[in-house]
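Participant: The structure file upload.cif (mmCIF, C-alpha atoms and all ligand atoms) is provided below.
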data_start
loop_
_atom_site.label_atom_id
_atom_site.label_comp_id
_atom_site.auth_asym_id
_atom_site.auth_seq_id
_atom_site.Cartn_x
_atom_site.Cartn_y
_atom_site.Cartn_z
CA MET U 1237 83.57 36.67 -4.93
CA LYS U 1238 85.67 33.70 -6.05
CA ILE U 1239 86.05 33.94 -9.81
CA LEU U 1240 87.45 31.35 -12.23
CA ILE U 1241 88.77 33.06 -15.38
CA VAL U 1242 89.33 30.64 -18.25
CA GLY U 1243 91.67 32.25 -20.78
CA GLY U 1244 92.80 34.78 -18.18
CA ALA U 1245 96.38 34.97 -19.51
CA GLY U 1246 95.25 36.31 -22.89
CA TYR U 1247 94.98 39.86 -24.14
CA ILE U 1248 91.40 40.50 -23.03
CA GLY U 1249 91.45 37.90 -20.24
CA SER U 1250 94.35 39.58 -18.44
CA HIS U 1251 92.54 42.93 -18.44
CA VAL U 1252 89.43 41.21 -17.09
CA ALA U 1253 91.48 39.47 -14.38
CA ARG U 1254 93.02 42.84 -13.44
CA GLU U 1255 89.57 44.42 -13.12
CA PHE U 1256 88.26 41.66 -10.83
CA LEU U 1257 91.44 41.82 -8.72
CA ASP U 1258 91.12 45.61 -8.45
CA GLY U 1259 87.54 45.06 -7.22
CA GLY U 1260 88.87 42.88 -4.38
CA HIS U 1261 87.75 39.53 -5.80
CA SER U 1262 89.69 36.30 -5.55
CA VAL U 1263 90.82 35.18 -9.02
CA THR U 1264 91.97 31.83 -10.38
CA VAL U 1265 93.23 31.83 -13.98
CA TYR U 1266 93.02 28.65 -16.07
CA ASP U 1267 94.97 28.93 -19.35
CA ASN U 1268 97.05 26.70 -21.60
CA LEU U 1269 99.33 29.62 -22.61
CA SER U 1270 98.87 28.84 -26.32
CA THR U 1271 98.11 32.48 -27.11
CA GLY U 1272 98.19 33.82 -23.57
CA THR U 1273 101.47 34.50 -21.82
CA ARG U 1274 102.98 34.25 -18.33
CA GLN U 1275 103.74 37.97 -18.53
CA ASN U 1276 99.98 38.54 -18.26
CA LEU U 1277 99.65 36.72 -14.93
CA PHE U 1278 99.36 38.66 -11.67
CA ALA U 1279 100.99 37.66 -8.39
CA GLU U 1280 97.67 38.08 -6.52
CA ALA U 1281 95.89 35.56 -8.76
CA ARG U 1282 96.29 31.80 -8.62
CA PHE U 1283 97.34 30.24 -11.93
CA VAL U 1284 96.41 26.74 -13.07
CA GLU U 1285 97.95 25.69 -16.37
CA GLY U 1286 95.50 23.59 -18.32
CA ASP U 1287 93.63 23.09 -21.54
CA ILE U 1288 89.91 23.55 -22.14
CA LEU U 1289 89.93 20.28 -24.09
CA ASP U 1290 90.89 18.51 -20.86
CA ALA U 1291 87.36 18.13 -19.50
CA GLN U 1292 88.49 16.20 -16.42
CA SER U 1293 90.92 18.84 -15.19
CA LEU U 1294 88.36 21.55 -15.80
CA ALA U 1295 85.67 19.68 -13.87
CA LYS U 1296 88.07 18.94 -11.00
CA LEU U 1297 88.95 22.61 -10.72
CA ALA U 1298 85.33 23.74 -11.02
CA ARG U 1299 84.38 21.45 -8.10
CA GLU U 1300 86.66 23.46 -5.79
CA GLY U 1301 83.82 25.97 -5.54
CA PHE U 1302 83.58 29.28 -7.40
CA ASP U 1303 80.90 31.94 -7.46
CA ALA U 1304 81.29 32.59 -11.17
CA LEU U 1305 83.20 31.54 -14.25
CA VAL U 1306 84.39 33.96 -16.95
CA HIS U 1307 85.19 32.30 -20.27
CA LEU U 1308 87.55 34.05 -22.69
CA ALA U 1309 89.49 31.09 -24.10
CA ALA U 1310 88.93 30.95 -27.85
CA ALA U 1311 90.48 31.19 -31.26
CA LYS U 1312 89.46 34.55 -32.76
CA ALA U 1313 90.84 35.05 -36.25
CA ALA U 1314 87.78 35.26 -38.48
CA GLY U 1315 89.77 34.74 -41.71
CA GLU U 1316 91.49 31.64 -40.35
CA SER U 1317 88.14 30.17 -39.27
CA MET U 1318 87.13 30.01 -42.94
CA THR U 1319 90.16 27.95 -43.92
CA ASP U 1320 90.53 25.89 -40.74
CA PRO U 1321 87.01 25.35 -39.38
CA MET U 1322 88.20 22.21 -37.52
CA LYS U 1323 90.31 24.35 -35.20
CA TYR U 1324 87.29 26.54 -34.40
CA SER U 1325 84.95 23.57 -33.94
CA THR U 1326 87.37 21.96 -31.52
CA GLN U 1327 88.60 24.97 -29.55
CA ASN U 1328 85.53 27.17 -29.56
CA LEU U 1329 82.70 24.62 -29.62
CA ASN U 1330 84.11 21.51 -27.91
CA GLY U 1331 86.19 23.58 -25.51
CA THR U 1332 83.23 25.70 -24.49
CA VAL U 1333 80.96 22.69 -24.00
CA ASN U 1334 83.60 21.31 -21.61
CA ILE U 1335 83.64 24.61 -19.73
CA ILE U 1336 79.86 24.85 -19.47
CA ASN U 1337 79.57 21.24 -18.31
CA ALA U 1338 82.31 21.82 -15.74
CA ALA U 1339 80.42 24.87 -14.44
CA VAL U 1340 77.30 22.74 -14.01
CA VAL U 1341 79.01 19.80 -12.29
CA GLY U 1342 80.98 22.22 -10.11
CA GLY U 1343 77.81 24.03 -9.06
CA ILE U 1344 78.99 27.36 -10.54
CA GLY U 1345 75.71 29.11 -11.26
CA LYS U 1346 76.96 32.15 -13.20
CA LEU U 1347 79.01 32.41 -16.37
CA VAL U 1348 80.24 35.38 -18.41
CA PHE U 1349 80.98 34.55 -22.04
CA SER U 1350 83.03 36.51 -24.60
CA SER U 1351 80.79 36.70 -27.63
CA SER U 1352 81.36 38.94 -30.62
CA ALA U 1353 79.78 41.42 -33.00
CA ALA U 1354 80.72 38.78 -35.59
CA VAL U 1355 77.38 37.08 -34.74
CA TYR U 1356 75.58 39.83 -36.71
CA GLY U 1357 77.40 39.51 -40.05
CA GLU U 1358 76.98 42.24 -42.68
CA PRO U 1359 74.99 45.01 -40.95
CA LYS U 1360 71.48 45.67 -42.29
CA TYR U 1361 71.25 48.92 -40.36
CA LEU U 1362 73.47 51.04 -38.11
CA PRO U 1363 74.09 51.30 -35.27
CA VAL U 1364 73.75 47.57 -34.64
CA ASP U 1365 71.65 46.79 -31.58
CA GLU U 1366 70.91 43.40 -30.01
CA LYS U 1367 67.69 43.04 -32.05
CA HIS U 1368 69.68 43.10 -35.29
CA PRO U 1369 69.34 39.75 -37.11
CA THR U 1370 72.19 37.33 -36.47
CA ASN U 1371 73.73 36.00 -39.67
CA PRO U 1372 77.46 35.37 -39.18
CA GLU U 1373 79.60 35.77 -42.30
CA ASN U 1374 82.43 33.65 -40.95
CA TYR U 1375 82.71 30.37 -39.06
CA TYR U 1376 84.21 32.12 -36.05
CA GLY U 1377 81.03 34.20 -35.67
CA PHE U 1378 78.96 31.03 -36.12
CA THR U 1379 80.77 29.35 -33.21
CA LYS U 1380 80.03 32.36 -30.97
CA LEU U 1381 76.34 32.33 -31.91
CA GLU U 1382 76.02 28.57 -31.37
CA ILE U 1383 77.55 28.94 -27.92
CA GLU U 1384 75.03 31.66 -27.06
CA ARG U 1385 72.29 29.18 -28.05
CA ILE U 1386 73.78 26.37 -25.97
CA LEU U 1387 73.97 28.76 -23.02
CA GLY U 1388 70.30 29.59 -23.57
CA TRP U 1389 69.43 25.90 -23.23
CA TYR U 1390 71.57 25.46 -20.10
CA ASP U 1391 69.83 28.46 -18.59
CA LYS U 1392 66.46 26.71 -19.11
CA LEU U 1393 67.58 23.19 -18.26
CA LYS U 1394 70.16 23.74 -15.55
CA GLY U 1395 69.48 27.23 -14.23
CA LEU U 1396 72.90 28.43 -15.41
CA ARG U 1397 72.70 32.22 -15.61
CA PHE U 1398 74.97 33.74 -18.23
CA ALA U 1399 75.98 37.05 -19.73
CA ALA U 1400 76.99 36.86 -23.40
CA LEU U 1401 78.98 39.99 -24.15
CA ARG U 1402 79.05 40.86 -27.83
CA TYR U 1403 82.33 42.73 -28.10
CA PHE U 1404 82.92 45.07 -31.00
CA ASN U 1405 86.61 45.69 -31.85
CA ALA U 1406 88.66 45.29 -28.68
CA ALA U 1407 91.72 47.56 -28.65
CA GLY U 1408 94.04 49.44 -26.28
CA TYR U 1409 96.00 48.40 -23.19
CA ASP U 1410 95.62 48.99 -19.47
CA PRO U 1411 96.06 52.79 -19.05
CA ALA U 1412 98.10 52.13 -15.86
CA GLY U 1413 100.58 50.02 -17.88
CA ARG U 1414 100.17 46.89 -15.75
CA ILE U 1415 99.75 44.50 -18.68
CA SER U 1416 102.81 43.83 -20.77
CA GLY U 1417 102.14 40.70 -22.82
CA LEU U 1418 101.90 41.46 -26.53
CA GLU U 1419 99.83 39.35 -28.90
CA ARG U 1420 101.86 37.05 -31.11
CA SER U 1421 101.27 37.36 -34.89
CA PRO U 1422 98.34 39.73 -34.54
CA ALA U 1423 95.94 40.26 -37.46
CA ASN U 1424 93.86 43.12 -36.01
CA LEU U 1425 94.45 46.69 -37.10
CA LEU U 1426 95.91 48.43 -34.07
CA PRO U 1427 98.50 45.78 -33.05
CA VAL U 1428 99.58 45.57 -36.70
CA VAL U 1429 100.01 49.37 -36.83
CA MET U 1430 102.00 49.19 -33.58
CA GLU U 1431 104.25 46.43 -34.94
CA VAL U 1432 105.06 48.68 -37.92
CA ALA U 1433 105.75 51.61 -35.57
CA ALA U 1434 108.01 49.41 -33.43
CA GLY U 1435 109.94 48.20 -36.47
CA MET U 1436 108.64 44.64 -36.21
CA ARG U 1437 107.04 44.65 -39.66
CA PRO U 1438 107.76 46.83 -42.69
CA GLU U 1439 104.39 48.39 -43.50
CA LEU U 1440 100.67 48.38 -42.91
CA MET U 1441 98.46 47.00 -45.64
CA VAL U 1442 95.27 49.05 -45.78
CA PHE U 1443 92.50 46.73 -46.93
CA GLY U 1444 90.67 49.00 -49.39
CA GLU U 1445 90.08 52.74 -49.66
CA ASP U 1446 87.03 52.62 -51.92
CA TYR U 1447 84.39 51.95 -49.27
CA GLU U 1448 81.45 54.29 -48.87
CA THR U 1449 82.77 55.72 -45.65
CA LYS U 1450 84.08 59.12 -44.56
CA ASP U 1451 87.53 58.57 -46.11
CA GLY U 1452 87.04 55.37 -48.10
CA THR U 1453 88.63 53.04 -45.49
CA GLY U 1454 86.83 50.59 -43.21
CA VAL U 1455 85.10 52.03 -40.14
CA ARG U 1456 84.83 50.07 -36.90
CA ASP U 1457 83.66 50.52 -33.35
CA TYR U 1458 86.85 50.16 -31.30
CA VAL U 1459 86.22 49.63 -27.62
CA HIS U 1460 89.00 49.93 -25.09
CA VAL U 1461 89.84 46.61 -23.45
CA SER U 1462 89.68 48.17 -19.96
CA ASP U 1463 86.17 49.39 -20.78
CA LEU U 1464 85.35 45.83 -21.85
CA ALA U 1465 86.83 44.52 -18.59
CA ARG U 1466 84.52 46.80 -16.55
CA GLY U 1467 81.63 45.47 -18.61
CA HIS U 1468 82.37 41.93 -17.38
CA VAL U 1469 82.19 42.93 -13.73
CA ALA U 1470 78.99 44.93 -14.32
CA ALA U 1471 77.36 42.09 -16.27
CA LEU U 1472 78.20 39.54 -13.58
CA ASP U 1473 76.69 41.82 -10.93
CA TRP U 1474 73.57 42.21 -13.06
CA ILE U 1475 72.94 38.50 -13.60
CA GLY U 1476 73.58 37.87 -9.90
CA CYS U 1477 71.14 40.59 -8.76
CA ASN U 1478 68.45 39.79 -11.33
CA ASN U 1479 68.83 36.00 -11.48
CA ARG U 1480 68.44 36.28 -15.26
CA SER U 1481 70.68 35.84 -18.28
CA LEU U 1482 71.75 38.65 -20.54
CA VAL U 1483 72.94 39.15 -24.11
CA VAL U 1484 74.42 42.59 -24.60
CA ASN U 1485 76.62 44.61 -26.97
CA LEU U 1486 79.76 46.27 -25.66
CA GLY U 1487 80.87 48.98 -28.08
CA SER U 1488 81.94 52.62 -27.96
CA GLU U 1489 79.25 53.75 -30.45
CA GLU U 1490 81.97 55.71 -32.29
CA GLY U 1491 83.18 54.85 -35.78
CA ILE U 1492 86.94 55.15 -36.39
CA SER U 1493 88.37 54.60 -39.89
CA VAL U 1494 91.64 52.84 -40.73
CA LYS U 1495 93.10 56.19 -41.87
CA GLU U 1496 92.07 57.92 -38.64
CA MET U 1497 93.74 55.18 -36.60
CA LEU U 1498 96.87 55.43 -38.74
CA GLU U 1499 97.04 59.23 -38.49
CA SER U 1500 96.64 59.13 -34.72
CA ALA U 1501 99.35 56.46 -34.51
CA ARG U 1502 101.78 58.51 -36.64
CA ARG U 1503 101.20 61.57 -34.47
CA ILE U 1504 101.45 59.79 -31.11
CA THR U 1505 104.40 57.54 -31.91
CA GLY U 1506 106.28 60.08 -34.03
CA LYS U 1507 107.05 57.21 -36.44
CA PRO U 1508 106.37 57.37 -40.17
CA ILE U 1509 104.42 54.02 -40.21
CA PRO U 1510 104.54 53.26 -43.94
CA ALA U 1511 101.21 52.09 -45.35
CA LYS U 1512 100.20 50.65 -48.70
CA ILE U 1513 96.67 50.50 -50.06
CA VAL U 1514 95.82 46.97 -51.12
CA GLY U 1515 92.55 45.31 -52.15
CA ARG U 1516 89.61 44.76 -49.86
CA ARG U 1517 89.76 41.80 -47.47
CA ALA U 1518 87.03 39.24 -48.10
CA GLY U 1519 84.14 39.41 -45.66
CA ASP U 1520 84.96 42.93 -44.38
CA PRO U 1521 81.90 45.18 -44.03
CA ALA U 1522 82.44 48.88 -44.83
CA LYS U 1523 81.22 50.06 -41.47
CA LEU U 1524 80.25 48.44 -38.19
CA VAL U 1525 79.17 50.53 -35.23
CA ALA U 1526 77.36 49.40 -32.10
CA SER U 1527 74.40 50.65 -30.24
CA SER U 1528 75.25 50.12 -26.58
CA SER U 1529 71.97 51.53 -25.26
CA LEU U 1530 71.12 48.26 -23.54
CA ALA U 1531 74.45 48.23 -21.69
CA HIS U 1532 73.88 51.86 -20.61
CA GLU U 1533 70.36 51.09 -19.47
CA LEU U 1534 70.90 47.80 -17.65
CA LEU U 1535 74.51 47.95 -16.55
CA GLY U 1536 75.15 51.68 -16.34
CA TRP U 1537 78.09 50.89 -18.62
CA SER U 1538 79.61 53.11 -21.26
CA ALA U 1539 83.05 53.35 -22.82
CA ARG U 1540 85.44 55.84 -21.17
CA HIS U 1541 88.83 55.23 -22.78
CA SER U 1542 87.72 54.38 -26.31
CA ASP U 1543 88.58 57.59 -28.20
CA VAL U 1544 91.17 57.05 -30.92
CA ASP U 1545 94.06 58.77 -29.12
CA SER U 1546 93.52 56.85 -25.86
CA LEU U 1547 93.42 53.56 -27.78
CA VAL U 1548 96.63 54.39 -29.61
CA ARG U 1549 98.46 55.95 -26.64
CA THR U 1550 97.83 53.02 -24.27
CA THR U 1551 98.73 50.46 -26.94
CA TRP U 1552 101.88 52.31 -27.96
CA GLU U 1553 102.97 52.47 -24.33
CA ALA U 1554 102.73 48.66 -24.14
CA TYR U 1555 104.67 48.28 -27.41
CA ARG U 1556 107.22 50.97 -26.57
CA VAL U 1557 108.09 49.29 -23.27
CA ASN U 1558 107.76 45.65 -24.28
CA ALA U 1559 108.61 45.45 -27.98
CA GLY U 1560 111.71 47.62 -28.00
CA GLY U 1561 110.07 50.56 -29.83
CA SER U 1562 111.04 54.05 -28.65
C1 LIG U 1601 87.74 40.94 -36.87
C2 LIG U 1601 86.71 39.92 -37.16
C3 LIG U 1601 85.77 39.85 -36.01
C4 LIG U 1601 86.51 39.55 -34.72
C5 LIG U 1601 87.54 40.62 -34.50
C6 LIG U 1601 88.39 40.27 -33.28
C7 LIG U 1601 86.36 39.81 -39.60
C8 LIG U 1601 85.42 40.11 -40.73
N1 LIG U 1601 85.99 40.23 -38.38
O1 LIG U 1601 87.13 42.21 -36.87
O2 LIG U 1601 84.84 38.84 -36.25
O3 LIG U 1601 85.63 39.49 -33.64
O4 LIG U 1601 88.39 40.70 -35.64
O5 LIG U 1601 89.45 39.48 -33.59
O6 LIG U 1601 87.39 39.22 -39.79
N2 LIG U 1601 92.63 46.40 -41.50
C9 LIG U 1601 93.58 46.84 -42.41
N3 LIG U 1601 94.81 46.27 -42.38
C10 LIG U 1601 95.17 45.30 -41.47
C11 LIG U 1601 94.19 44.86 -40.54
C12 LIG U 1601 92.93 45.43 -40.60
O7 LIG U 1601 93.29 47.72 -43.25
O8 LIG U 1601 96.30 44.81 -41.51
C13 LIG U 1601 91.28 47.02 -41.51
C14 LIG U 1601 90.15 46.05 -41.82
O9 LIG U 1601 89.90 45.96 -43.17
C15 LIG U 1601 89.00 46.71 -41.03
C16 LIG U 1601 89.69 47.33 -39.84
O10 LIG U 1601 91.05 47.49 -40.21
O11 LIG U 1601 88.39 47.74 -41.80
C17 LIG U 1601 89.63 46.48 -38.58
O12 LIG U 1601 90.09 45.18 -38.88
P1 LIG U 1601 90.39 44.09 -37.75
O13 LIG U 1601 91.18 44.71 -36.65
O14 LIG U 1601 90.97 42.88 -38.42
O15 LIG U 1601 88.97 43.78 -37.13
P2 LIG U 1601 87.61 43.31 -37.84
O16 LIG U 1601 87.85 42.74 -39.17
O17 LIG U 1601 86.64 44.45 -37.77
#
Taking this structure as input, can you express it in the form of structure tokens?
Facilitator:
Amino acid sequence: MKILIVGGAGYIGSHVAREFLDGGHSVTVYDNLSTGTRQNLFAEARFVEGDILDAQSLAKLAREGFDALVHLAAAKAAGESMTDPMKYSTQNLNGTVNIINAAVVGGIGKLVFSSSAAVYGEPKYLPVDEKHPTNPENYYGFTKLEIERILGWYDKLKGLRFAALRYFNAAGYDPAGRISGLERSPANLLPVVMEVAAGMRPELMVFGEDYETKDGTGVRDYVHVSDLARGHVAALDWIGCNNRSLVVNLGSEEGISVKEMLESARRITGKPIPAKIVGRRAGDPAKLVASSSLAHELLGWSARHSDVDSLVRTTWEAYRVNAGGS
């Protein structure tokens, strides 16, 4: 298939591009390199530098003829979305509307969208399945949910079939070491831990150890980015075969605490990784774990590389080689 990957130079986008290339598909990456990087581009893929706010360029490219569009271009820092909602309205909402309209005018009938577990908000029960009420606690999650709704309308009105993939906590790097671009100024746990291990920041701040969890620190469902990437290919196959849209969780169904991640990182890197307990971060639930039964059932998908040591080992390899850690 001919696939257009918008945001394909980013952290998750590059893993998704790699997975489609490995499957023998033809890939075009459209990215403005604002958070993505040239290091994440592959020689076998065509690269078009462009912005999702440039509706004309997007539509022109879409008219070249693609079988599917995968959209991963978004701002994703939940905390920032609460202080700078304008950025999230513009990039996530306006940008996505441009992409969806371009898909329609270009006759691209299938779209895979990066949604998020942030659409659920504070969990009312665990594990969180797709029937869980959606009540985002941050503006970022709101933008993802609104886009799912817009896609629902385009499905009805324009026959655009979509898969909205509700990622839990993406982590890890390509186990074969083919992706070398590191995220700039990361805020998520594992890249922050790796920056401490690599000597790029002095210490980890642990946001609270008084949660009602196994060791008092926050528990999340970390899903390996290469597992996520496989989920995109499987979801696209499913919407193509069934001519129906799909909203599905992608999570490992395992809860890993901040302390467990830190301990694994200390053991694997051999670095002390200083950590300081600080107060809770606003809006952080104690525990968030997915049910991925629907993905098992429909897509035959389950996480394979998402155990804590695989997440840490593959990420450390990327940092060791590319950030000067040793
Ligand atoms: C966050 C967003 C989520 C988004 C995801 C991807 C919130 C509430 N959620 O998930 O919507 O989809 O990122 O970008 O912002 N932690 C520390 N110290 C750190 C960083 C994190 O202790 O320096 C802890 C957090 O308190 C949490 C866990 O590590 O318990 C994971 O945090 P993080 O990686 O930021 O992801 P989420 O907050 O779960």
Participant: With a cut-off of 9 Å, could you pull out the residues of chain U touching ligand LIG 1601 (chain U) and give me the nearest pair of atoms for each, distance in Å to one decimal, using all atoms listed in the file, ordered by chain and ascending number, as JSON lines?
Facilitator:
{"residue": "U:Ala1311", "atom": "CA", "partner": "U:LIG1601", "partner_atom": "O5", "distance": 8.7}
{"residue": "U:Lys1312", "atom": "CA", "partner": "U:LIG1601", "partner_atom": "O5", "distance": 5.0}
{"residue": "U:Ala1313", "atom": "CA", "partner": "U:LIG1601", "partner_atom": "O5", "distance": 5.4}
{"residue": "U:Ala1314", "atom": "CA", "partner": "U:LIG1601", "partner_atom": "O6", "distance": 4.2}
{"residue": "U:Gly1315", "atom": "CA", "partner": "U:LIG1601", "partner_atom": "O6", "distance": 5.4}
{"residue": "U:Glu1316", "atom": "CA", "partner": "U:LIG1601", "partner_atom": "O6", "distance": 8.6}
{"residue": "U:Ser1351", "atom": "CA", "partner": "U:LIG1601", "partner_atom": "O3", "distance": 8.2}
{"residue": "U:Ser1352", "atom": "CA", "partner": "U:LIG1601", "partner_atom": "O3", "distance": 5.3}
{"residue": "U:Ala1353", "atom": "CA", "partner": "U:LIG1601", "partner_atom": "O3", "distance": 6.2}
{"residue": "U:Ala1354", "atom": "CA", "partner": "U:LIG1601", "partner_atom": "O2", "distance": 4.2}
{"residue": "U:Val1355", "atom": "CA", "partner": "U:LIG1601", "partner_atom": "O2", "distance": 7.8}
{"residue": "U:Gly1357", "atom": "CA", "partner": "U:LIG1601", "partner_atom": "C8", "distance": 8.1}
{"residue": "U:Glu1358", "atom": "CA", "partner": "U:LIG1601", "partner_atom": "C8", "distance": 8.9}
{"residue": "U:Pro1372", "atom": "CA", "partner": "U:LIG1601", "partner_atom": "O2", "distance": 8.7}
{"residue": "U:Glu1373", "atom": "CA", "partner": "U:LIG1601", "partner_atom": "C8", "distance": 7.4}
{"residue": "U:Asn1374", "atom": "CA", "partner": "U:LIG1601", "partner_atom": "C8", "distance": 7.1}
{"residue": "U:Tyr1376", "atom": "CA", "partner": "U:LIG1601", "partner_atom": "O2", "distance": 6.8}
{"residue": "U:Gly1377", "atom": "CA", "partner": "U:LIG1601", "partner_atom": "O2", "distance": 6.0}
{"residue": "U:Arg1402", "atom": "CA", "partner": "U:LIG1601", "partner_atom": "O3", "distance": 8.9}
{"residue": "U:Tyr1403", "atom": "CA", "partner": "U:LIG1601", "partner_atom": "O3", "distance": 7.2}
{"residue": "U:Phe1404", "atom": "CA", "partner": "U:LIG1601", "partner_atom": "O3", "distance": 6.7}
{"residue": "U:Asn1405", "atom": "CA", "partner": "U:LIG1601", "partner_atom": "C5", "distance": 5.8}
{"residue": "U:Ala1406", "atom": "CA", "partner": "U:LIG1601", "partner_atom": "C6", "distance": 6.8}
{"residue": "U:Ala1407", "atom": "CA", "partner": "U:LIG1601", "partner_atom": "O13", "distance": 8.5}
{"residue": "U:Pro1422", "atom": "CA", "partner": "U:LIG1601", "partner_atom": "O8", "distance": 8.9}
{"residue": "U:Ala1423", "atom": "CA", "partner": "U:LIG1601", "partner_atom": "O14", "distance": 5.7}
{"residue": "U:Asn1424", "atom": "CA", "partner": "U:LIG1601", "partner_atom": "O13", "distance": 3.2}
{"residue": "U:Leu1425", "atom": "CA", "partner": "U:LIG1601", "partner_atom": "O13", "distance": 3.8}
{"residue": "U:Leu1426", "atom": "CA", "partner": "U:LIG1601", "partner_atom": "O13", "distance": 6.5}
{"residue": "U:Pro1427", "atom": "CA", "partner": "U:LIG1601", "partner_atom": "O13", "distance": 8.2}
{"residue": "U:Val1428", "atom": "CA", "partner": "U:LIG1601", "partner_atom": "O8", "distance": 5.9}
{"residue": "U:Val1429", "atom": "CA", "partner": "U:LIG1601", "partner_atom": "O8", "distance": 7.5}
{"residue": "U:Leu1440", "atom": "CA", "partner": "U:LIG1601", "partner_atom": "O8", "distance": 5.8}
{"residue": "U:Met1441", "atom": "CA", "partner": "U:LIG1601", "partner_atom": "N3", "distance": 4.9}
{"residue": "U:Val1442", "atom": "CA", "partner": "U:LIG1601", "partner_atom": "O7", "distance": 3.5}
{"residue": "U:Phe1443", "atom": "CA", "partner": "U:LIG1601", "partner_atom": "O7", "distance": 3.9}
{"residue": "U:Gly1444", "atom": "CA", "partner": "U:LIG1601", "partner_atom": "O7", "distance": 6.8}
{"residue": "U:Glu1445", "atom": "CA", "partner": "U:LIG1601", "partner_atom": "O7", "distance": 8.8}
{"residue": "U:Thr1453", "atom": "CA", "partner": "U:LIG1601", "partner_atom": "O11", "distance": 6.5}
{"residue": "U:Gly1454", "atom": "CA", "partner": "U:LIG1601", "partner_atom": "O11", "distance": 3.5}
{"residue": "U:Val1455", "atom": "CA", "partner": "U:LIG1601", "partner_atom": "O11", "distance": 5.7}
{"residue": "U:Arg1456", "atom": "CA", "partner": "U:LIG1601", "partner_atom": "O17", "distance": 6.0}
{"residue": "U:Asp1457", "atom": "CA", "partner": "U:LIG1601", "partner_atom": "O17", "distance": 8.1}
{"residue": "U:Tyr1458", "atom": "CA", "partner": "U:LIG1601", "partner_atom": "C17", "distance": 8.6}
{"residue": "U:Ile1492", "atom": "CA", "partner": "U:LIG1601", "partner_atom": "C16", "distance": 9.0}
{"residue": "U:Ser1493", "atom": "CA", "partner": "U:LIG1601", "partner_atom": "O11", "distance": 7.1}
{"residue": "U:Val1494", "atom": "CA", "partner": "U:LIG1601", "partner_atom": "O10", "distance": 5.4}
{"residue": "U:Lys1495", "atom": "CA", "partner": "U:LIG1601", "partner_atom": "O7", "distance": 8.6}
{"residue": "U:Met1497", "atom": "CA", "partner": "U:LIG1601", "partner_atom": "O10", "distance": 8.9}
{"residue": "U:Ile1513", "atom": "CA", "partner": "U:LIG1601", "partner_atom": "O7", "distance": 8.1}
{"residue": "U:Val1514", "atom": "CA", "partner": "U:LIG1601", "partner_atom": "O7", "distance": 8.3}
{"residue": "U:Arg1516", "atom": "CA", "partner": "U:LIG1601", "partner_atom": "O9", "distance": 6.8}
{"residue": "U:Arg1517", "atom": "CA", "partner": "U:LIG1601", "partner_atom": "O9", "distance": 6.0}
{"residue": "U:Ala1518", "atom": "CA", "partner": "U:LIG1601", "partner_atom": "C8", "distance": 7.6}
{"residue": "U:Gly1519", "atom": "CA", "partner": "U:LIG1601", "partner_atom": "C8", "distance": 5.1}
{"residue": "U:Asp1520", "atom": "CA", "partner": "U:LIG1601", "partner_atom": "C8", "distance": 4.6}
{"residue": "U:Pro1521", "atom": "CA", "partner": "U:LIG1601", "partner_atom": "C8", "distance": 7.0}
{"residue": "U:Ala1522", "atom": "CA", "partner": "U:LIG1601", "partner_atom": "O11", "distance": 6.8}
{"residue": "U:Lys1523", "atom": "CA", "partner": "U:LIG1601", "partner_atom": "O11", "distance": 7.5}
{"residue": "U:Leu1524", "atom": "CA", "partner": "U:LIG1601", "partner_atom": "O17", "distance": 7.5}
Participant: Excluding segment 1318-1333 of chain U and residues on its chain fewer than 3 positions from it, collect all residues at most 6 Å away from it, counting all atoms listed in the file, and give them as a CSV table (one decimal) with C-alpha atoms, keeping the file's coordinate frame.
Facilitator:
chain,number,residue,atom,x,y,z
U,1288,ILE,CA,89.9,23.6,-22.1
U,1289,LEU,CA,89.9,20.3,-24.1
U,1310,ALA,CA,88.9,31.0,-27.8
U,1315,GLY,CA,89.8,34.7,-41.7
U,1336,ILE,CA,79.9,24.8,-19.5
U,1375,TYR,CA,82.7,30.4,-39.1
Participant: Fewer than 2 positions away in the same chain doesn't count, so skip those; otherwise give me all residues within 8 Å of segment 1258-1264 of chain U, counting all atoms listed in the file, as number ranges by chain.
Facilitator: U: 1237-1241, 1253-1256, 1266, 1280-1284
Participant: Can you pull out every residue within 8 Å of Glu1439 of chain U, counting all atoms listed in the file, but drop anything in the same chain fewer than 2 positions away, and send it as an NGL selection string?
Facilitator: :U and (1432 or 1437 or 1441 or 1509-1512)
Participant: May I ask which of the residues U:Asn1334, U:Ser1421, U:Asn1268, U:Ser1317 is the closest one to Gln1292 of chain U, counting only C-alpha atoms?
Facilitator: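 Of all the options, U:Asn1334 lies closest to Gln1292 of chain U.
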Participant: From the list U:Pro1363, U:Gly1243, U:Gly1536, U:Gly1345, which residue is nearest Asn1479 of chain U when using only C-alpha atoms?
Facilitator: U:Gly1345
Participant: Counting all atoms listed in the file, figure out which residue out of U:Leu1547, U:Leu1294, U:Ile1475, U:Ala1245 gets nearest to Leu1277 of chain U.
Facilitator: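 Between U:Leu1547, U:Leu1294, U:Ile1475, U:Ala1245, the residue approaching Leu1277 of chain U most closely is U:Ala1245.
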Participant: Which distance in Å separates atom CA of Ala1554 of chain U and atom CA of Ser1250 of chain U, to one decimal?
Facilitator: 13.6 Å
Participant: Just want the 10 Å neighbourhood of Lys1394 of chain U, counted on all atoms listed in the file, with same-chain residues fewer than 6 positions away dropped. Output as an MDAnalysis selection string.
Facilitator: chainID U and resid 1340 1345 1387:1388
Participant: Give as a PyMOL selection string each residue that has an atom at most 6 Å from (73.6, 37.6, -23.1) in the file, counting only C-alpha atoms.
Facilitator: chain U and resi 1399-1401+1481-1484
Participant: With distances taken over all atoms listed in the file, which of U:Glu1496, U:Asp1463, U:Glu1489, U:Glu1553 is nearest to His1541 of chain U?
Facilitator: U:Asp1463
